[in-house]
$ cat run_31.csv   # CSV, C-alpha atoms and all ligand atoms
chain,number,residue,atom,x,y,z
A,1,MET,CA,-13.6,37.4,-16.2
A,2,SER,CA,-10.7,37.8,-18.6
A,3,ARG,CA,-8.4,35.0,-19.7
A,4,LEU,CA,-5.6,36.7,-17.8
A,5,THR,CA,-7.4,36.7,-14.4
A,6,SER,CA,-8.7,33.2,-14.9
A,7,GLU,CA,-5.1,31.9,-15.5
A,8,LEU,CA,-4.1,33.6,-12.3
A,9,ASP,CA,-6.9,32.0,-10.4
A,10,ARG,CA,-6.1,28.5,-11.8
A,11,ALA,CA,-2.4,28.9,-10.7
A,12,LEU,CA,-3.5,30.1,-7.2
A,13,GLU,CA,-5.8,27.0,-6.9
A,14,GLU,CA,-2.9,24.7,-7.9
A,15,ARG,CA,-0.7,26.3,-5.2
A,16,ALA,CA,-3.4,25.8,-2.6
A,17,ALA,CA,-3.9,22.1,-3.7
A,18,LYS,CA,-0.2,21.5,-3.0
A,19,GLY,CA,-0.4,23.0,0.5
A,20,LEU,CA,1.5,26.1,-0.6
A,21,ARG,CA,-1.1,28.8,0.0
A,22,ARG,CA,0.1,31.4,2.4
A,23,ASP,CA,-2.3,33.5,4.6
A,24,ARG,CA,-1.5,36.5,6.6
A,25,HIS,CA,-2.6,36.8,10.3
A,26,LEU,CA,-3.5,40.1,11.8
A,27,VAL,CA,-1.3,41.2,14.6
A,28,ASP,CA,-2.6,43.9,16.8
A,29,SER,CA,0.0,44.4,19.6
A,30,ALA,CA,3.7,45.2,19.9
A,31,GLN,CA,6.3,42.5,19.3
A,32,GLY,CA,6.9,40.3,22.4
A,33,ALA,CA,6.7,36.7,23.6
A,34,ARG,CA,2.9,37.1,23.5
A,35,LEU,CA,1.0,38.7,20.7
A,36,ARG,CA,-2.6,39.6,20.0
A,37,VAL,CA,-3.3,37.8,16.7
A,38,ASP,CA,-6.6,37.5,14.9
A,39,GLY,CA,-8.3,38.6,18.1
A,40,ARG,CA,-6.5,36.0,20.3
A,41,GLU,CA,-3.6,36.1,22.7
A,42,LEU,CA,-0.8,33.7,21.5
A,43,LEU,CA,2.6,32.6,22.7
A,44,HIS,CA,4.7,33.3,19.7
A,45,PHE,CA,7.9,31.6,18.3
A,46,GLY,CA,8.1,33.0,14.8
A,47,SER,CA,9.8,36.4,14.8
A,48,ASN,CA,13.4,37.5,14.4
A,49,ASP,CA,13.1,40.0,17.3
A,50,TYR,CA,15.9,37.9,19.0
A,51,LEU,CA,16.7,40.3,21.7
A,52,GLY,CA,13.2,41.5,22.4
A,53,LEU,CA,14.0,45.1,21.4
A,54,ALA,CA,11.2,45.7,18.9
A,55,GLY,CA,8.7,46.7,21.6
A,56,ASP,CA,11.2,48.1,24.1
A,57,ARG,CA,9.9,51.3,25.6
A,58,ARG,CA,13.3,53.1,25.3
A,59,VAL,CA,13.6,52.3,21.6
A,60,VAL,CA,10.0,53.4,21.1
A,61,ALA,CA,10.7,56.7,23.0
A,62,ALA,CA,13.8,57.4,20.8
A,63,ALA,CA,11.6,56.9,17.7
A,64,GLN,CA,9.0,59.3,19.1
A,65,ALA,CA,11.7,61.9,19.9
A,66,GLY,CA,13.1,61.4,16.4
A,67,ALA,CA,9.7,61.9,14.8
A,68,ALA,CA,9.1,65.0,16.9
A,69,ARG,CA,12.4,66.5,15.7
A,70,TYR,CA,12.7,65.2,12.1
A,71,GLY,CA,9.2,64.3,11.1
A,72,VAL,CA,8.2,60.8,9.8
A,73,GLY,CA,9.6,60.9,6.3
A,74,ALA,CA,13.0,61.5,4.7
A,75,GLY,CA,11.4,63.2,1.8
A,76,ALA,CA,14.0,62.2,-0.8
A,77,SER,CA,16.7,59.7,-1.6
A,78,HIS,CA,20.1,60.0,0.2
A,79,LEU,CA,21.8,61.6,-2.8
A,80,ILE,CA,19.2,64.2,-3.4
A,81,SER,CA,18.2,65.7,0.0
A,82,GLY,CA,17.2,62.8,2.2
A,83,HIS,CA,20.5,62.2,4.1
A,84,PHE,CA,20.0,63.3,7.7
A,85,ALA,CA,22.3,63.7,10.7
A,86,PRO,CA,20.9,60.5,12.5
A,87,HIS,CA,21.6,58.5,9.4
A,88,ASP,CA,25.2,59.7,9.4
A,89,ALA,CA,25.7,59.1,13.1
A,90,ILE,CA,24.5,55.5,12.9
A,91,GLU,CA,26.7,54.8,9.9
A,92,ARG,CA,29.8,56.1,11.7
A,93,ASP,CA,28.9,54.2,14.8
A,94,LEU,CA,28.3,50.9,13.0
A,95,ALA,CA,31.5,51.2,10.9
A,96,ALA,CA,33.7,51.7,14.0
A,97,TRP,CA,31.9,49.0,16.0
A,98,VAL,CA,31.6,46.2,13.4
A,99,ALA,CA,34.9,47.1,11.7
A,100,PRO,CA,35.1,44.2,9.1
A,101,CYS,CA,38.5,45.7,7.9
A,102,ALA,CA,40.8,48.7,8.4
A,103,LYS,CA,39.4,51.9,6.8
A,104,ALA,CA,35.9,50.6,7.1
A,105,ARG,CA,32.8,52.7,6.4
A,106,ALA,CA,29.2,51.8,6.7
A,107,LEU,CA,26.1,52.6,4.6
A,108,LEU,CA,22.5,52.4,5.6
A,109,PHE,CA,19.8,50.8,3.4
A,110,SER,CA,16.0,50.7,3.8
A,111,THR,CA,16.0,46.9,3.8
A,112,GLY,CA,18.4,44.0,3.7
A,113,TYR,CA,16.9,43.0,0.4
A,114,LEU,CA,18.0,46.3,-1.2
A,115,ALA,CA,21.4,46.2,0.5
A,116,ASN,CA,22.1,42.7,-1.0
A,117,LEU,CA,21.0,43.9,-4.5
A,118,ALA,CA,23.3,46.9,-4.2
A,119,ILE,CA,26.4,44.9,-3.1
A,120,VAL,CA,26.3,42.2,-5.8
A,121,THR,CA,25.2,44.4,-8.7
A,122,ALA,CA,27.8,47.1,-7.8
A,123,LEU,CA,30.7,44.6,-7.6
A,124,VAL,CA,30.1,42.2,-10.4
A,125,GLY,CA,28.5,42.1,-13.9
A,126,ARG,CA,28.7,40.3,-17.2
A,127,GLY,CA,31.8,38.1,-17.5
A,128,ASP,CA,32.1,37.8,-13.7
A,129,ALA,CA,30.8,35.0,-11.5
A,130,VAL,CA,28.9,34.8,-8.2
A,131,PHE,CA,29.5,31.6,-6.1
A,132,ALA,CA,26.6,31.0,-3.8
A,133,ASP,CA,25.7,28.5,-1.1
A,134,LYS,CA,22.5,26.7,-2.1
A,135,LEU,CA,20.7,27.7,1.1
A,136,ASN,CA,21.5,31.4,0.8
A,137,HIS,CA,18.6,33.8,1.3
A,138,ALA,CA,16.4,34.5,-1.7
A,139,CYS,CA,17.6,38.1,-2.0
A,140,LEU,CA,21.2,37.1,-2.4
A,141,ASN,CA,20.1,34.9,-5.3
A,142,ASP,CA,18.0,37.7,-6.8
A,143,ALA,CA,21.0,40.0,-6.5
A,144,ALA,CA,23.1,37.5,-8.4
A,145,LEU,CA,20.5,37.2,-11.2
A,146,LEU,CA,20.1,40.9,-11.5
A,147,SER,CA,23.9,41.4,-11.8
A,148,ARG,CA,24.0,39.3,-15.0
A,149,ALA,CA,27.2,37.6,-13.7
A,150,ASP,CA,27.4,33.8,-14.0
A,151,PHE,CA,25.5,32.3,-11.1
A,152,VAL,CA,27.3,29.2,-9.6
A,153,ARG,CA,25.6,27.5,-6.7
A,154,TYR,CA,27.4,25.0,-4.4
A,155,ALA,CA,25.9,22.4,-2.1
A,156,HIS,CA,25.1,23.8,1.4
A,157,GLY,CA,28.3,24.2,3.4
A,158,ASP,CA,30.4,22.2,0.9
A,159,VAL,CA,33.7,24.2,0.9
A,160,GLU,CA,35.4,21.6,-1.3
A,161,ALA,CA,32.8,21.9,-4.0
A,162,LEU,CA,33.2,25.7,-3.8
A,163,ALA,CA,37.0,25.4,-4.1
A,164,LYS,CA,36.6,23.2,-7.3
A,165,ARG,CA,34.2,25.7,-8.9
A,166,LEU,CA,36.5,28.6,-8.1
A,167,ALA,CA,39.5,26.7,-9.5
A,168,SER,CA,37.8,26.0,-12.8
A,169,SER,CA,36.2,29.4,-13.3
A,170,GLY,CA,37.5,31.8,-15.9
A,171,ALA,CA,35.5,34.7,-14.6
A,172,HIS,CA,37.1,38.1,-14.6
A,173,ARG,CA,35.9,39.0,-11.1
A,174,LYS,CA,34.7,36.5,-8.6
A,175,LEU,CA,32.3,37.0,-5.6
A,176,ILE,CA,31.5,34.4,-3.0
A,177,ALA,CA,28.1,35.1,-1.3
A,178,THR,CA,26.9,33.5,1.8
A,179,ASP,CA,24.5,33.8,4.7
A,180,ALA,CA,26.5,33.9,8.0
A,181,VAL,CA,23.7,32.2,9.9
A,182,PHE,CA,21.5,30.4,7.5
A,183,SER,CA,18.0,31.8,7.9
A,184,MET,CA,16.0,28.6,7.8
A,185,ASP,CA,18.5,26.1,9.3
A,186,GLY,CA,20.2,28.2,11.9
A,187,ASP,CA,23.8,26.9,11.2
A,188,ILE,CA,26.8,29.1,10.8
A,189,ALA,CA,28.8,29.3,7.6
A,190,ALA,CA,32.5,28.2,7.6
A,191,LEU,CA,33.5,31.8,7.1
A,192,ALA,CA,37.2,31.2,7.9
A,193,SER,CA,37.5,28.7,5.1
A,194,LEU,CA,35.5,30.8,2.7
A,195,LEU,CA,37.8,33.7,3.4
A,196,GLU,CA,40.8,31.5,2.7
A,197,LEU,CA,39.3,30.6,-0.6
A,198,ALA,CA,38.5,34.3,-1.3
A,199,GLU,CA,42.2,35.1,-0.7
A,200,LYS,CA,43.4,32.2,-2.9
A,201,TYR,CA,41.1,33.0,-5.8
A,202,ASP,CA,41.2,36.8,-5.4
A,203,ALA,CA,37.4,37.0,-4.8
A,204,TRP,CA,35.1,39.2,-2.8
A,205,LEU,CA,33.4,37.5,0.2
A,206,VAL,CA,29.9,38.9,0.8
A,207,VAL,CA,28.7,37.9,4.3
A,208,ASP,CA,24.9,38.3,5.0
A,209,ASP,CA,24.7,38.4,8.8
A,210,ALA,CA,21.0,39.2,9.1
A,211,HIS,CA,20.6,36.5,11.8
A,212,GLY,CA,24.0,36.9,13.6
A,213,PHE,CA,24.2,40.6,14.1
A,214,GLY,CA,23.1,41.5,17.7
A,215,VAL,CA,23.0,37.8,18.7
A,216,LEU,CA,26.6,36.5,18.1
A,217,GLY,CA,29.9,38.2,18.8
A,218,ASP,CA,33.2,38.0,20.5
A,219,ARG,CA,33.3,37.2,24.2
A,220,SER,CA,32.8,40.5,26.1
A,221,ALA,CA,31.4,40.3,29.5
A,222,ALA,CA,32.6,38.4,32.6
A,223,ASP,CA,29.0,37.1,32.9
A,224,GLY,CA,29.5,34.9,29.8
A,225,GLY,CA,27.8,37.3,27.4
A,226,ASN,CA,29.1,38.2,24.0
A,227,SER,CA,29.4,41.6,22.3
A,228,GLY,CA,26.6,41.2,19.7
A,229,ARG,CA,28.9,42.5,17.0
A,230,GLY,CA,28.0,39.5,14.9
A,231,THR,CA,29.4,36.4,13.3
A,232,LEU,CA,32.7,38.0,11.9
A,233,ALA,CA,33.5,39.1,15.5
A,234,GLN,CA,32.6,35.7,16.9
A,235,LEU,CA,35.0,34.1,14.5
A,236,GLY,CA,37.7,36.8,14.7
A,237,LEU,CA,37.7,37.6,11.0
A,238,ALA,CA,38.5,40.8,9.2
A,239,SER,CA,39.6,41.5,5.7
A,240,GLU,CA,39.4,44.1,2.9
A,241,ARG,CA,37.7,41.3,0.8
A,242,ILE,CA,34.8,41.1,3.2
A,243,VAL,CA,31.6,43.0,2.4
A,244,TYR,CA,29.5,42.7,5.5
A,245,MET,CA,25.7,43.2,5.4
A,246,ALA,CA,23.5,43.0,8.4
A,247,THR,CA,19.8,43.8,8.8
A,248,LEU,CA,18.4,46.1,11.5
A,249,GLY,CA,14.9,44.7,11.6
A,250,LYS,CA,15.8,41.5,13.4
A,251,ALA,CA,17.9,41.5,16.6
A,252,ALA,CA,18.1,45.3,16.4
A,253,GLY,CA,14.3,45.4,16.5
A,254,VAL,CA,13.8,48.3,14.1
A,255,ALA,CA,14.1,48.2,10.3
A,256,GLY,CA,16.6,48.6,7.5
A,257,ALA,CA,20.1,47.2,7.0
A,258,PHE,CA,23.7,48.3,6.7
A,259,VAL,CA,26.8,47.4,4.7
A,260,ALA,CA,30.1,47.7,6.3
A,261,ALA,CA,33.2,47.4,4.1
A,262,HIS,CA,36.4,49.1,2.9
A,263,ASP,CA,36.0,52.8,2.0
A,264,SER,CA,36.4,52.0,-1.7
A,265,VAL,CA,33.5,49.5,-1.6
A,266,ILE,CA,31.2,51.9,0.2
A,267,GLU,CA,32.0,54.8,-2.1
A,268,THR,CA,31.3,52.5,-5.1
A,269,LEU,CA,27.9,51.6,-3.6
A,270,ILE,CA,27.1,55.3,-3.1
A,271,GLN,CA,28.1,56.2,-6.6
A,272,THR,CA,26.7,53.2,-8.6
A,273,ALA,CA,24.3,51.0,-6.7
A,274,ARG,CA,20.9,51.5,-8.2
A,275,SER,CA,19.0,50.2,-5.1
A,276,TYR,CA,20.8,52.8,-3.1
A,277,ILE,CA,20.4,55.7,-5.5
A,278,PHE,CA,16.9,55.3,-6.8
A,279,THR,CA,14.9,54.9,-3.5
A,280,THR,CA,13.7,57.3,-0.8
A,281,ALA,CA,15.9,57.2,2.3
A,282,ALA,CA,14.5,55.5,5.4
A,283,PRO,CA,12.9,57.9,7.8
A,284,PRO,CA,15.5,59.5,10.1
A,285,MET,CA,13.4,58.7,13.1
A,286,LEU,CA,14.3,55.0,12.5
A,287,SER,CA,18.0,55.9,12.9
A,288,CYS,CA,17.1,57.6,16.2
A,289,ALA,CA,15.4,54.3,17.3
A,290,LEU,CA,18.4,52.4,16.1
A,291,ALA,CA,20.8,54.5,18.2
A,292,ALA,CA,18.8,53.5,21.2
A,293,SER,CA,18.6,49.8,20.3
A,294,LEU,CA,22.4,49.6,19.5
A,295,ALA,CA,23.0,51.1,22.9
A,296,LEU,CA,20.9,48.3,24.5
A,297,ILE,CA,22.6,45.6,22.4
A,298,ARG,CA,26.0,46.8,23.8
A,299,ASP,CA,24.9,47.7,27.4
A,300,GLU,CA,22.7,44.6,28.1
A,301,PRO,CA,24.7,41.5,27.3
A,302,GLU,CA,22.3,39.7,29.7
A,303,ARG,CA,19.7,39.6,26.9
A,304,ARG,CA,22.1,37.3,25.0
A,305,VAL,CA,22.9,35.3,28.1
A,306,HIS,CA,19.2,34.6,28.6
A,307,LEU,CA,18.6,33.9,24.9
A,308,PHE,CA,21.3,31.2,25.0
A,309,ALA,CA,19.9,29.7,28.1
A,310,LEU,CA,16.5,29.4,26.3
A,311,ILE,CA,18.3,27.7,23.3
A,312,ASP,CA,20.0,25.2,25.7
A,313,ARG,CA,16.7,24.4,27.4
A,314,TRP,CA,15.0,23.9,24.0
A,315,ARG,CA,17.8,21.6,22.7
A,316,ASP,CA,17.5,19.4,25.7
A,317,ALA,CA,13.8,19.2,25.4
A,318,ALA,CA,13.8,18.7,21.7
A,319,THR,CA,15.7,15.4,21.9
A,320,ALA,CA,12.6,13.8,23.3
A,321,LEU,CA,10.5,14.8,20.3
A,322,ALA,CA,9.6,12.6,17.3
A,323,TRP,CA,10.9,15.1,14.7
A,324,LEU,CA,14.4,15.9,13.4
A,325,THR,CA,16.1,18.9,14.8
A,326,LEU,CA,19.1,20.5,13.0
A,327,PRO,CA,22.5,21.1,14.6
A,328,SER,CA,21.9,24.8,15.2
A,329,ALA,CA,23.6,26.8,18.0
A,330,THR,CA,21.6,30.0,17.2
A,331,ALA,CA,18.2,31.4,18.0
A,332,ILE,CA,16.8,29.6,14.8
A,333,GLN,CA,15.8,26.1,15.8
A,334,PRO,CA,14.0,24.3,13.0
A,335,LEU,CA,11.9,21.2,13.5
A,336,ILE,CA,11.9,19.3,10.2
A,337,LEU,CA,8.5,17.8,9.4
A,338,GLY,CA,9.0,16.9,5.7
A,339,ALA,CA,5.6,17.1,4.0
A,340,ASN,CA,3.8,20.4,3.6
A,341,ALA,CA,0.6,18.9,5.0
A,342,GLU,CA,2.4,17.6,8.1
A,343,ALA,CA,4.0,21.0,8.8
A,344,LEU,CA,0.6,22.7,8.4
A,345,ARG,CA,-1.1,20.0,10.7
A,346,VAL,CA,1.4,20.6,13.5
A,347,SER,CA,1.4,24.4,13.1
A,348,ASP,CA,-2.5,24.4,13.2
A,349,ALA,CA,-2.5,22.0,16.2
A,350,LEU,CA,-0.2,24.4,18.1
A,351,TRP,CA,-2.4,27.3,17.1
A,352,ASP,CA,-5.3,25.5,18.7
A,353,ARG,CA,-3.2,25.4,21.9
A,354,ASP,CA,-2.6,29.2,21.7
A,355,ILE,CA,1.0,28.8,20.4
A,356,TRP,CA,2.0,30.3,17.1
A,357,VAL,CA,4.9,28.8,15.1
A,358,PRO,CA,4.4,29.4,11.4
A,359,ALA,CA,4.9,26.4,9.0
A,360,ILE,CA,7.7,27.1,6.5
A,361,ARG,CA,7.3,25.4,3.1
A,362,PRO,CA,8.9,25.5,-0.4
A,363,PRO,CA,10.1,27.6,-2.1
A,364,THR,CA,11.4,29.1,1.2
A,365,VAL,CA,13.0,25.7,2.0
A,366,PRO,CA,13.8,22.8,-0.3
A,367,GLN,CA,11.0,20.4,-1.4
A,368,GLY,CA,10.3,17.7,1.2
A,369,SER,CA,11.8,19.7,4.1
A,370,ALA,CA,8.8,21.7,5.3
A,371,ARG,CA,9.4,22.7,8.9
A,372,LEU,CA,8.5,24.7,11.9
A,373,ARG,CA,11.0,27.4,12.1
A,374,ILE,CA,11.1,27.9,15.8
A,375,THR,CA,12.8,31.1,16.9
A,376,PHE,CA,13.6,32.3,20.4
A,377,SER,CA,13.8,35.8,21.8
A,378,ALA,CA,15.1,37.2,25.0
A,379,SER,CA,11.5,38.1,25.7
A,380,HIS,CA,10.6,34.4,26.2
A,381,SER,CA,10.9,32.8,29.6
A,382,LEU,CA,12.2,29.3,30.3
A,383,ASP,CA,8.6,28.3,31.1
A,384,ASP,CA,7.6,29.4,27.6
A,385,VAL,CA,10.1,27.0,26.2
A,386,ASP,CA,8.7,24.2,28.4
A,387,LEU,CA,5.2,25.0,27.2
A,388,LEU,CA,6.2,24.7,23.6
A,389,ALA,CA,8.0,21.4,24.1
A,390,GLU,CA,5.0,20.0,26.0
A,391,ALA,CA,2.5,21.1,23.4
A,392,LEU,CA,4.7,19.5,20.6
A,393,ALA,CA,4.9,16.3,22.5
A,394,ASP,CA,1.1,16.3,22.8
A,395,VAL,CA,0.6,17.1,19.1
A,396,ALA,CA,2.9,14.2,18.1
A,397,ARG,CA,0.8,11.7,20.0
B,401,LIG,C1,19.5,36.1,5.5
B,401,LIG,C2,18.7,37.3,5.2
B,401,LIG,N1,19.2,38.2,4.4
B,401,LIG,C3,18.4,39.3,4.0
B,401,LIG,C4,17.1,39.4,4.5
B,401,LIG,C5,16.3,40.6,4.0
B,401,LIG,O1,16.3,41.6,5.0
B,401,LIG,P1,15.1,42.6,5.1
B,401,LIG,O2,14.0,42.0,5.7
B,401,LIG,O3,15.6,43.8,5.8
B,401,LIG,O4,14.8,43.0,3.6
B,401,LIG,C6,16.6,38.4,5.3
B,401,LIG,C7,15.2,38.5,5.9
B,401,LIG,O5,14.3,39.2,5.7
B,401,LIG,C8,17.4,37.3,5.7
B,401,LIG,O6,16.9,36.3,6.4

$ encode --input "run_31.csv" --output "C-alpha cells"
Amino acid sequence: MSRLTSELDRALEERAAKGLRRDRHLVDSAQGARLRVDGRELLHFGSNDYLGLAGDRRVVAAAQAGAARYGVGAGASHLISGHFAPHDAIERDLAAWVAPCAKARALLFSTGYLANLAIVTALVGRGDAVFADKLNHACLNDAALLSRADFVRYAHGDVEALAKRLASSGAHRKLIATDAVFSMDGDIAALASLLELAEKYDAWLVVDDAHGFGVLGDRSAADGGNSGRGTLAQLGLASERIVYMATLGKAAGVAGAFVAAHDSVIETLIQTARSYIFTTAAPPMLSCALAASLALIRDEPERRVHLFALIDRWRDAATALAWLTLPSATAIQPLILGANAEALRVSDALWDRDIWVPAIRPPTVPQGSARLRITFSASHSLDDVDLLAEALADVAR
C-alpha cells in the first residue's frame, strides 16, 4: 500500500473514532412515508419531499411522457444545443409565479449547489465582500470562497452584527447571502430586516429558499392553505436587489433548481456564470415532470394544510420529550442531542423500531449540536407522528 493510501486510511479511521463516519443505506422503493431500506420496510422522517410529490403518479407520468418525446438526456449545455422547450416553459412559469421583482426572469440549473455557485461568483469577485449567516448551507459558503470576495460571516440571525460589518466594510460591491429557511434548524431568516440593510448599504440580497419554496407562501385558499410560492411571498417582499434561488428536488419532488431575479442578473448569469455555462443541461424530461409538480403545488393547497397539521401535532408531542427542540415553524423539526454518540444511539434505537431518522453530525451542524433532523411530509399521517413521538419517549427511558 502506498503512503498516500495509508494516509487516507488513517484519516478515515480518525473520523470513525470521532463518531463521524457516514454510511449510505440502500433505498429500493419510491419516496413516501414508508421506504424499503436495506431490505426492510421503515417509516421515514429524513427526506425533503415535503409535499409527497417525488413519488406522485402524475409527476411520474409526466416524466415518462417527457422521456418518450425528448429522450433522457439533454445532450449538451444550455448555450450549445441543450436548451429545450420544456426548460423554457418552466423558466417562464417560475418567473411569473415567484416574481421577486418587476422585470423578473428565471433560469434553471441542474442542482441548487451549482445555482448558488453561479449567483455569487457572477455578482462579486476580488475587492468585494460576501456577508453570510453562520448557519448558511455549505454551498453558499463554497460559492463565497470560489468568488474570491472577502468572506464575512455573522452569528446566526444576528442582524445587528451584520449591520456593523456592513457599516465598516470598504468593499466595492457587497452581497448578503442567507438561507431563507435554515436547513438544519428550520427557522426563517429575518428577510425584511436583511432587505433593509441591503437597501441601506447598496448590497445584493441572495435568498436561498431551498426549504421554503413549495411549503411557505402567501395566504391563498379559504381553507387556510398558502400558495407555496415560498418565503418571499410569505413575507410580502420583492426587490431588484433580491436574487432568489430555490431548489426543485425538495418540495417540488424532482431535481434541479432555479434562480429568479431581475432580467439584468439573469442575463449576467447566462453570459458569465461558469457553473451554468460549462455543464450539461438537465434532461428536459425533468422539466416535464416539474410542470406537473408545479401544477400540483398550486392546485392542491391541502397538502400544505395537512403538512402544517402534522407539524402542530409534533410540536405538541415534542414538549414531553427529554431533548431540546428548536423554535421552528417549518417542516424541519430538529431534536438536539449534543454528542455525536448520543445522536447515533438514538437514531440506531429508532432504526431497531423500524423508524428511520438519520443522525446529523458536524461538519453539517456545529460541534456539540448533533441532532436528529426530523422532517415531515404531506405523505405522513397524524398516526405516523404519534408513532415517532412514542418511539422517542421509549428510547429516552
Ligand atoms: C439550503 C440549501 N441550499 C442548497 C442546497 C443544494 O441543493 P441541491 O441539492 O439541489 O444541490 C441544499 C440541499 O441540498 C440546501 O439545503

$ closest_atom_pairs --input "run_31.csv" --of "chain A" --to "ligand LIG 401 (chain B)" --cutoff "8 Å" --atoms "all atoms listed in the file" --output "CSV"
residue,atom,partner,partner_atom,distance
A:Ser110,CA,B:LIG401,O3,7.2
A:Thr111,CA,B:LIG401,O3,3.7
A:Gly112,CA,B:LIG401,O1,3.4
A:Tyr113,CA,B:LIG401,O4,3.8
A:Leu114,CA,B:LIG401,O4,6.6
A:Ala115,CA,B:LIG401,O4,8.0
A:Asn116,CA,B:LIG401,C3,7.1
A:Asn136,CA,B:LIG401,C1,6.9
A:His137,CA,B:LIG401,C1,4.9
A:Ala138,CA,B:LIG401,N1,7.7
A:Cys139,CA,B:LIG401,C3,6.2
A:Leu140,CA,B:LIG401,N1,7.2
A:Asp179,CA,B:LIG401,C1,5.6
A:Ala180,CA,B:LIG401,C1,7.8
A:Val181,CA,B:LIG401,C1,7.2
A:Phe182,CA,B:LIG401,C1,6.4
A:Ser183,CA,B:LIG401,O6,4.9
A:Met184,CA,B:LIG401,O6,7.9
A:Asp208,CA,B:LIG401,N1,5.7
A:Asp209,CA,B:LIG401,C1,6.6
A:Ala210,CA,B:LIG401,C2,4.9
A:His211,CA,B:LIG401,C1,6.4
A:Ala246,CA,B:LIG401,N1,7.6
A:Thr247,CA,B:LIG401,O3,5.2
A:Leu248,CA,B:LIG401,O3,6.8
A:Gly249,CA,B:LIG401,O3,5.9
A:Lys250,CA,B:LIG401,O2,7.9
A:Ala255,CA,B:LIG401,O3,6.5
A:Gly256,CA,B:LIG401,O3,5.2
A:Ala257,CA,B:LIG401,O3,5.8

$ closest_residue --input "run_31.csv" --among "A:Ala177, A:Val305, A:Ala370, A:Cys288" --to "A:Ser227" --atoms "all atoms listed in the file"
A:Val305

$ closest_residue --input "run_31.csv" --among "A:Gly19, A:Ala318, A:Tyr244, A:Ala331" --to "A:Ile188" --atoms "all atoms listed in the file"
A:Ala331

$ atom_distance --input "run_31.csv" --atom1 "atom CA of A:Ile311" --atom2 "atom CA of A:Asp133"
25.5 Å

$ closest_residue --input "run_31.csv" --among "A:Ala144, A:Ala261, A:Ala96, A:Met285" --to "A:Val72" --atoms "only C-alpha atoms"
A:Met285

$ closest_residue --input "run_31.csv" --among "A:Ala11, A:Leu108, A:Leu197, A:Ala85" --to "A:Phe131" --atoms "all atoms listed in the file"
A:Leu197

$ atom_distance --input "run_31.csv" --atom1 "atom CA of A:Phe109" --atom2 "atom CA of A:Val259"
7.9 Å

$ atom_distance --input "run_31.csv" --atom1 "atom CA of A:Leu294" --atom2 "atom CA of A:Ala62"
11.7 Å

$ closest_residue --input "run_31.csv" --among "A:Val130, A:Gly52, A:Ala343, A:Ser220" --to "A:Asp299" --atoms "all atoms listed in the file"
A:Ser220

$ residues_around --input "run_31.csv" --residues "A:Ala190" --least-positions-apart "5" --cutoff "9 Å" --atoms "only C-alpha atoms" --output "number ranges by chain"
A: 157, 159, 180, 195

$ write_last_selection --input "run_31.csv" --atoms "C-alpha atoms" --output "short mmCIF file (atom, residue, chain, number, x, y, z; two decimals), keeping the file's coordinate frame"
data_model
loop_
_atom_site.label_atom_id
_atom_site.label_comp_id
_atom_site.auth_asym_id
_atom_site.auth_seq_id
_atom_site.Cartn_x
_atom_site.Cartn_y
_atom_site.Cartn_z
CA GLY A 157 28.30 24.20 3.40
CA VAL A 159 33.70 24.20 0.90
CA ALA A 180 26.50 33.90 8.00
CA LEU A 195 37.80 33.70 3.40
#

$ residues_around --input "run_31.csv" --residues "A:Val385" --least-positions-apart "4" --cutoff "8 Å" --atoms "only C-alpha atoms" --output "PyMOL selection string"
chain A and resi 310+313-314+380-381+389

$ closest_residue --input "run_31.csv" --among "A:Asp348, A:Ala129, A:Gln64, A:Ser168" --to "A:Arg153" --atoms "only C-alpha atoms"
A:Ala129

$ residues_around --input "run_31.csv" --residues "A:Ser77" --least-positions-apart "6" --cutoff "6 Å" --atoms "all atoms listed in the file" --output "count of residues only"
3

$ residues_around --input "run_31.csv" --residues "A:Asp218" --least-positions-apart "5" --cutoff "6 Å" --atoms "all atoms listed in the file" --output "number ranges by chain"
A: 226-227, 233-234

$ write_last_selection --input "run_31.csv" --atoms "C-alpha atoms" --output "short mmCIF file (atom, residue, chain, number, x, y, z; two decimals), in the coordinates of the input"
data_model
loop_
_atom_site.label_atom_id
_atom_site.label_comp_id
_atom_site.auth_asym_id
_atom_site.auth_seq_id
_atom_site.Cartn_x
_atom_site.Cartn_y
_atom_site.Cartn_z
CA ASN A 226 29.10 38.20 24.00
CA SER A 227 29.40 41.60 22.30
CA ALA A 233 33.50 39.10 15.50
CA GLN A 234 32.60 35.70 16.90
#

$ residues_around --input "run_31.csv" --residues "stretch 13-16 of chain A" --least-positions-apart "5" --cutoff "12 Å" --atoms "all atoms listed in the file" --output "PyMOL selection string"
chain A and resi 6-8+21-23+340-341+361-363

$ residues_near_point --input "run_31.csv" --point "(17.1, 34.9, 30.9)" --cutoff "9 Å" --atoms "only C-alpha atoms" --output "PDB file with C-alpha atoms, keeping the file's coordinate frame"
ATOM      1  CA  GLU A 302      22.300  39.700  29.700  1.00  0.00           C
ATOM      2  CA  ARG A 303      19.700  39.600  26.900  1.00  0.00           C
ATOM      3  CA  ARG A 304      22.100  37.300  25.000  1.00  0.00           C
ATOM      4  CA  VAL A 305      22.900  35.300  28.100  1.00  0.00           C
ATOM      5  CA  HIS A 306      19.200  34.600  28.600  1.00  0.00           C
ATOM      6  CA  LEU A 307      18.600  33.900  24.900  1.00  0.00           C
ATOM      7  CA  PHE A 308      21.300  31.200  25.000  1.00  0.00           C
ATOM      8  CA  ALA A 309      19.900  29.700  28.100  1.00  0.00           C
ATOM      9  CA  LEU A 310      16.500  29.400  26.300  1.00  0.00           C
ATOM     10  CA  ALA A 378      15.100  37.200  25.000  1.00  0.00           C
ATOM     11  CA  SER A 379      11.500  38.100  25.700  1.00  0.00           C
ATOM     12  CA  HIS A 380      10.600  34.400  26.200  1.00  0.00           C
ATOM     13  CA  SER A 381      10.900  32.800  29.600  1.00  0.00           C
ATOM     14  CA  LEU A 382      12.200  29.300  30.300  1.00  0.00           C
TER      15      LEU A 382
END
